[in-house]
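Remarks on the structure that follows.
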Amino acid sequence: MEILELDYSNIKDISEMWLDLNSYHIDKVSFFSERFENVSFDNHCSFLEKQEDFKIFIVLLYDELVGFSIAFKNSGIGEIDSIYIKEKHRGNGVGEKLIEKVIEWLNLECLQIIVKIAEGNEYAFNFYRKFNFSLRYYTFQKN
């Protein structure tokens with residue numbers, strides 16, 4: 001297994017997996033599904049370009065692209081934007097190795113690392129707890 005940084009010029013390499021992740025969120029959320037429905041891959045790429053610094057990490061397993069994570073830094077705060085592992089490779093430690101690499105990069109300059117978990121994806125809480133993330137607060141929203 002190799003974890004590499006993906007050059008932004010090759011970001012389209014993760015577009016299919018990003019779309020799968022977005023579809024997953026559309027299916028899972030009870031509220032605000034339009035937030036995911038209205039964001040395209042290209043829109044998200046534009047968002048990333050506005051960050052102070054960001055990296056895209058990919059996982060190669062026997063030369064197959066099986067996962068990715070996107071993280072960014074702004075004013076000393078790091079954020080894990082997304083992580084995705086293809087379903088057939090989940091539960092084998094691939095996601096753990098990937099997130100360790102992401103955290104290592106963020107820890108170089110960030111005083112704090114955050115991750116936002118969409119309502120409906122609460123199962124991810126335990127994944128992040130393995131890496132000493134703690135639930136800090138709930139955010140309610142009304143449109």
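Each chain in the structure tokens gets a letter, A, B and so on, in the order shown; residues start at 1 in every chain, and ligands are counted from 1 in the order they appear.
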Show which residues sit within 10 Å of range 36-44 of chain A, as a list in words. Count only C-alpha atoms, and ignore same-chain residues fewer than 3 positions away.
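With the cut-off at 10 Å, the set is Ile11, Lys12, Ile14, Ser15, Glu16, Trp18, Leu19, Leu21, Asn22, Ser23, Tyr24, His25, Ile26, Asp27, Val29, Phe32, Ser33, Phe47, Leu48 and Glu49 of chain A.
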Next, dump the selected residues to file, keeping only N, CA and C atoms, as a short mmCIF file (atom, residue, chain, number, x, y, z; two decimals), in the first residue's frame.
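Wrote it out as part_24.cif, contents follow:
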data_model
loop_
_atom_site.label_atom_id
_atom_site.label_comp_id
_atom_site.auth_asym_id
_atom_site.auth_seq_id
_atom_site.Cartn_x
_atom_site.Cartn_y
_atom_site.Cartn_z
N ILE A 11 -6.33 16.09 -10.29
CA ILE A 11 -7.45 15.94 -9.35
C ILE A 11 -8.62 15.15 -9.94
N LYS A 12 -8.77 15.19 -11.23
CA LYS A 12 -9.87 14.43 -11.86
C LYS A 12 -9.75 12.93 -11.59
N ILE A 14 -9.63 11.51 -8.85
CA ILE A 14 -10.47 11.12 -7.70
C ILE A 14 -11.94 11.49 -7.90
N SER A 15 -12.28 12.03 -9.05
CA SER A 15 -13.65 12.54 -9.23
C SER A 15 -14.72 11.47 -9.04
N GLU A 16 -14.49 10.28 -9.55
CA GLU A 16 -15.49 9.21 -9.42
C GLU A 16 -15.70 8.84 -7.95
N TRP A 18 -15.04 10.79 -5.38
CA TRP A 18 -15.65 11.95 -4.72
C TRP A 18 -17.16 11.94 -4.96
N LEU A 19 -17.57 11.63 -6.18
CA LEU A 19 -19.00 11.55 -6.49
C LEU A 19 -19.69 10.44 -5.71
N LEU A 21 -18.76 9.41 -2.72
CA LEU A 21 -18.86 9.93 -1.36
C LEU A 21 -20.01 10.92 -1.25
N ASN A 22 -20.14 11.78 -2.21
CA ASN A 22 -21.22 12.76 -2.20
C ASN A 22 -22.59 12.07 -2.26
N SER A 23 -22.71 11.05 -3.09
CA SER A 23 -23.96 10.28 -3.18
C SER A 23 -24.27 9.59 -1.86
N TYR A 24 -23.25 9.09 -1.21
CA TYR A 24 -23.43 8.46 0.10
C TYR A 24 -24.06 9.46 1.06
N HIS A 25 -23.54 10.68 1.09
CA HIS A 25 -24.09 11.70 1.99
C HIS A 25 -25.52 12.07 1.61
N ILE A 26 -25.81 12.16 0.35
CA ILE A 26 -27.18 12.46 -0.09
C ILE A 26 -28.14 11.40 0.44
N ASP A 27 -27.71 10.14 0.39
CA ASP A 27 -28.56 9.04 0.85
C ASP A 27 -28.72 9.00 2.36
N VAL A 29 -28.21 11.67 4.80
CA VAL A 29 -28.69 12.81 5.58
C VAL A 29 -30.21 12.88 5.59
N PHE A 32 -31.12 18.83 4.77
CA PHE A 32 -30.13 19.56 3.99
C PHE A 32 -29.43 18.72 2.92
N SER A 33 -30.13 17.72 2.38
CA SER A 33 -29.51 16.92 1.32
C SER A 33 -29.17 17.78 0.11
N PHE A 47 -13.60 25.58 -4.49
CA PHE A 47 -13.51 25.84 -3.05
C PHE A 47 -12.10 25.54 -2.53
N LEU A 48 -11.53 24.41 -2.94
CA LEU A 48 -10.20 24.03 -2.47
C LEU A 48 -9.15 25.05 -2.89
N GLU A 49 -9.28 25.55 -4.09
CA GLU A 49 -8.31 26.52 -4.60
C GLU A 49 -8.29 27.80 -3.78
#
Check the DSSP output for the backbone and give back, as a list in words, the residues of range 28-59 of chain A in strand (DSSP E or B).
Asp53, Phe54, Lys55, Ile56, Phe57, Ile58 and Val59 of chain A
May I ask for the distance between CA of Cys110 in chain A and CA of Leu6 in chain A, given in Å to one decimal place?
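Going from CA of Cys110 in chain A over to CA of Leu6 in chain A covers 20.9 Å.
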Polymer residues at most 7 Å from Glu79 in chain A, only C-alpha atoms, same-chain spacing of 6 or more positions, as a short mmCIF file (atom, residue, chain, number, x, y, z; two decimals) with C-alpha atoms, in the first residue's frame:
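Result saved to part26.cif:
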data_model
loop_
_atom_site.label_atom_id
_atom_site.label_comp_id
_atom_site.auth_asym_id
_atom_site.auth_seq_id
_atom_site.Cartn_x
_atom_site.Cartn_y
_atom_site.Cartn_z
CA ALA A 71 -7.27 18.32 3.90
CA PHE A 72 -6.51 22.00 4.12
CA LYS A 73 -4.93 24.59 6.39
CA ILE A 113 -7.42 19.99 13.54
CA ILE A 114 -11.13 19.78 12.94
CA VAL A 115 -13.38 17.46 11.01
#
